[in-house]
Amino acid sequence: MRSHPLSQAPASARWLTAPTPGAIAILSIDFTDYSRAAAALGLDKPLTILRPSHRRIDVIDDAVLVQVDARTILVMPHGGPMIRQRLQDHWTSRGIDFGSSETAAAFPEARSRVEALALETLAGAASPRAILLLLQQEARWQALAPPWRPTLQDEQRSLRLCRLLRPPVVAVIGAPNAGKSTLTNRLAGRPVSIEWHEPGSTRDHVGVLLDVDGLVVRWVDTPGMAPSSNEIDADSAKLAMEVISRADLLVSLAEPASQWIDVPPMQAPIIRVRSKSDLPRSSVAAEAGAHLISASRGDGINDLARLVRQSLVSDADLEHSGVWLFHPALTAS
Ligand SMILES: Nc1nc2c(ncn2[C@@H]2O[C@H](COP(=O)(O)OP(=O)(O)OP(=O)(O)O)[C@@H](O)[C@H]2O)c(=O)[nH]1
Ligand SMILES: [Mg+2]
């Protein structure tokens with residue numbers, strides 16, 4: 001397991017000996033750029049390959065160091081747990097990465113730290129669209145030349161792509177009877193939420209994990225928003241507002257000839273949807289800025305799913321050929 005040149009840390013470290021007390025401990029330091037690694041380790045004089053050298057490691061301990069090849073140094077300090085910890089804390093503070101050693105051990109087949117992290121991430125990724133992108137990361141990181149720093153665009157694109165790993169929250173909102181639960185059930189392909197011709201049929205919000213055009217989202221069907229004197233409704237409306245305030249995207253539904261409800265200004269973007277397009281009154285097909293659906297008949301549903309996915313993870317993000325900072329260990333400097 002090599003430290004990757006673009007892992008940003010000057011070197012990655014992993015203990016080869018157990019954390020129990022012993023005469024000596026062995027720490028393997030992997031790197032690709034010797035001078036960066038040596039600077040972080042505080043090595044003033046260079047090591048000669050395969051010749052053990054007794055060094056003072058800053059103020060912590062004496063240790064024997066052996067550089068085994070162009071990319072690995074073994075460090076052998078005294079094996080007490082306190083010394084081990086102090087050494088680890090000291091070198092962590094100088095940017096050496098001890099974090100991914102467990103990941104590396106779990107994926108011995110991986111060719112690099114980036115690949116080990118990608119395989120680990122793949123195991124927990126929510127969305128099918130994450131798979132191919134994660135498998136491409138090893139080659140992409142290898143293709144870049146160190147030293148590399150992500151741009152703000154890289155970081156922002158990476159954050160949006162991370163929605164493929166942890167489902168973003170999409171809240172569907174609208175007046176009572178707008179057709180929110182019917183849309184939810186249509187997207188789920190099964191009944192998950194009560195649809196009823198009387199307004200107020202959804203009393204509490206209903207959350208479901210949905211695959212929306214290859215992006216798995218936490219879809220939340222909220223109760224219709226209307227002033228109410230009923231105690232339960234007031235509570236459920238409060239709960240709905242909490243969900244709305246945490247949403248990454250709002251899908252706002254309005255029946256033909258009715259207004260979209262107002263929500264307080266939020267961070268989350270809003271997609272406006274005109275529902276029940278099959279009804280005769282809805283000859284408003286070309287309404288500016290609104291998407292037309294009939295959840296009962298299924299009209300416009302695939303396009304809406306695509307719009308939802310695009311609003312959260314765009315085609316441009318998915319097709320971008322740059323690297324993805326898909327794991328916190330890749331952002332550590
Ligand atoms: N014609 C037609 N009727 C629809 C459509 N979508 C929903 N409805 C009907 O509208 C009524 C209300 O639908 P719901 O999905 O329960 O509406 P809701 O927005 O969840 O309502 P609340 O939970 O009460 O806020 C039901 O009778 C649905 O069958 C549609 O696309 N076309
Ligand atoms: Mg409902």
# chains A, B, ... in the order shown; residues from 1 in each chain; ligands from 1
>>> select_by_dssp(residues="stretch 120-302 of chain A", states="strand (DSSP E or B)", output="ChimeraX atom specification")
/A:169-174,206-212,215-221,249-254,270-274,290-292,294,299
>>> select_by_dssp(residues="stretch 52-174 of chain A", states="helix (DSSP H, G or I)", output="PyMOL selection string")
chain A and resi 81-93+101-106+113-124+129-143+152-164
>>> write_last_selection(atoms="C-alpha atoms", output="CSV table (one decimal), in the first residue's frame")
chain,number,residue,atom,x,y,z
A,81,PRO,CA,2.0,3.1,24.5
A,82,MET,CA,2.7,6.6,25.7
A,83,ILE,CA,5.7,7.1,23.3
A,84,ARG,CA,3.7,5.6,20.5
A,85,GLN,CA,0.8,7.9,21.1
A,86,ARG,CA,3.0,11.0,21.4
A,87,LEU,CA,4.8,10.1,18.2
A,88,GLN,CA,1.5,9.6,16.4
A,89,ASP,CA,0.1,12.9,17.7
A,90,HIS,CA,3.3,14.8,16.9
A,91,TRP,CA,3.5,13.6,13.3
A,92,THR,CA,-0.3,13.9,12.8
A,93,SER,CA,0.1,17.5,13.7
A,101,SER,CA,-4.3,2.6,7.9
A,102,GLU,CA,-7.4,0.6,9.0
A,103,THR,CA,-9.0,1.1,5.6
A,104,ALA,CA,-5.7,0.0,3.9
A,105,ALA,CA,-5.6,-3.2,6.0
A,106,ALA,CA,-9.3,-3.9,5.1
A,113,ARG,CA,-4.7,4.5,-0.5
A,114,VAL,CA,-7.2,6.2,-2.8
A,115,GLU,CA,-8.4,2.9,-4.2
A,116,ALA,CA,-8.7,1.4,-0.6
A,117,LEU,CA,-10.8,4.5,0.3
A,118,ALA,CA,-12.9,4.1,-2.8
A,119,LEU,CA,-13.6,0.5,-2.1
A,120,GLU,CA,-14.5,1.3,1.5
A,121,THR,CA,-16.8,4.1,0.3
A,122,LEU,CA,-18.4,1.9,-2.4
A,123,ALA,CA,-19.5,-0.5,0.3
A,124,GLY,CA,-21.7,2.1,1.9
A,129,ARG,CA,-24.6,6.2,-9.9
A,130,ALA,CA,-21.8,6.3,-7.3
A,131,ILE,CA,-20.3,3.0,-8.4
A,132,LEU,CA,-18.7,3.8,-11.7
A,133,LEU,CA,-17.5,7.2,-10.5
A,134,LEU,CA,-15.8,5.6,-7.4
A,135,LEU,CA,-14.1,3.0,-9.5
A,136,GLN,CA,-12.7,5.7,-11.8
A,137,GLN,CA,-11.1,7.6,-9.0
A,138,GLU,CA,-7.9,5.6,-8.6
A,139,ALA,CA,-6.9,6.3,-12.3
A,140,ARG,CA,-7.9,9.9,-12.0
A,141,TRP,CA,-5.9,10.6,-8.9
A,142,GLN,CA,-2.9,8.8,-10.4
A,143,ALA,CA,-3.1,11.0,-13.5
A,152,LEU,CA,-13.1,25.8,-4.7
A,153,GLN,CA,-15.0,24.3,-7.7
A,154,ASP,CA,-13.4,20.9,-7.0
A,155,GLU,CA,-14.6,21.1,-3.4
A,156,GLN,CA,-18.1,22.2,-4.3
A,157,ARG,CA,-18.5,19.6,-7.0
A,158,SER,CA,-17.2,17.0,-4.6
A,159,LEU,CA,-19.8,18.0,-2.0
A,160,ARG,CA,-22.6,17.7,-4.5
A,161,LEU,CA,-21.3,14.3,-5.7
A,162,CYS,CA,-21.3,13.1,-2.0
A,163,ARG,CA,-25.1,13.2,-2.3
A,164,LEU,CA,-24.6,9.9,-4.2
>>> residues_near_ligand(ligand="ligand 2", cutoff="12 Å", atoms="only C-alpha atoms and all ligand atoms", output="NGL selection string")
:A and (172-185 or 191-207 or 220-225 or 240 or 253)
>>> residues_around(residues="stretch 285-302 of chain A", least_positions_apart="3", cutoff="7 Å", atoms="only C-alpha atoms", output="MDAnalysis selection string")
chainID A and resid 182:183 186 272:278 282 305:306
>>> write_last_selection(atoms="N, CA and C atoms", output="short mmCIF file (atom, residue, chain, number, x, y, z; two decimals), in the first residue's frame")
data_model
loop_
_atom_site.label_atom_id
_atom_site.label_comp_id
_atom_site.auth_asym_id
_atom_site.auth_seq_id
_atom_site.Cartn_x
_atom_site.Cartn_y
_atom_site.Cartn_z
N THR A 182 -49.95 11.18 -3.77
CA THR A 182 -50.09 10.42 -5.02
C THR A 182 -48.77 10.45 -5.80
N LEU A 183 -48.11 11.61 -5.81
CA LEU A 183 -46.80 11.71 -6.47
C LEU A 183 -45.77 10.82 -5.76
N ARG A 186 -46.39 7.29 -6.64
CA ARG A 186 -46.05 7.05 -8.05
C ARG A 186 -44.54 6.87 -8.19
N ARG A 272 -41.04 24.03 -8.89
CA ARG A 272 -42.50 24.24 -8.87
C ARG A 272 -43.18 23.26 -9.81
N VAL A 273 -44.17 22.57 -9.29
CA VAL A 273 -44.85 21.55 -10.07
C VAL A 273 -46.35 21.84 -10.09
N ARG A 274 -46.93 21.85 -11.28
CA ARG A 274 -48.39 21.96 -11.43
C ARG A 274 -48.92 20.54 -11.55
N SER A 275 -49.76 20.13 -10.58
CA SER A 275 -50.22 18.73 -10.55
C SER A 275 -51.54 18.56 -11.30
N LYS A 276 -51.95 17.32 -11.44
CA LYS A 276 -53.26 16.94 -12.00
C LYS A 276 -53.45 17.48 -13.43
N SER A 277 -52.43 17.31 -14.24
CA SER A 277 -52.49 17.86 -15.61
C SER A 277 -53.55 17.16 -16.46
N ASP A 278 -54.07 16.04 -15.97
CA ASP A 278 -55.13 15.34 -16.71
C ASP A 278 -56.49 16.01 -16.55
N SER A 282 -56.72 22.15 -16.34
CA SER A 282 -55.28 22.39 -16.38
C SER A 282 -54.77 22.58 -17.80
N ALA A 305 -38.52 13.36 -12.24
CA ALA A 305 -37.45 12.62 -11.53
C ALA A 305 -36.08 13.10 -12.01
N ARG A 306 -35.97 13.29 -13.32
CA ARG A 306 -34.70 13.75 -13.90
C ARG A 306 -34.35 15.16 -13.41
#
>>> closest_residue(among="A:Val212, A:Ile57, A:Val170, A:Val66", to="A:Ser245", atoms="only C-alpha atoms")
A:Val170
>>> closest_residue(among="A:Asp211, A:Asp235, A:Asp30, A:Glu255", to="ligand 1", atoms="only C-alpha atoms and all ligand atoms")
A:Glu255
>>> closest_residue(among="A:Leu47, A:Met241, A:Leu215, A:Ala18", to="A:Ala125", atoms="only C-alpha atoms")
A:Leu215
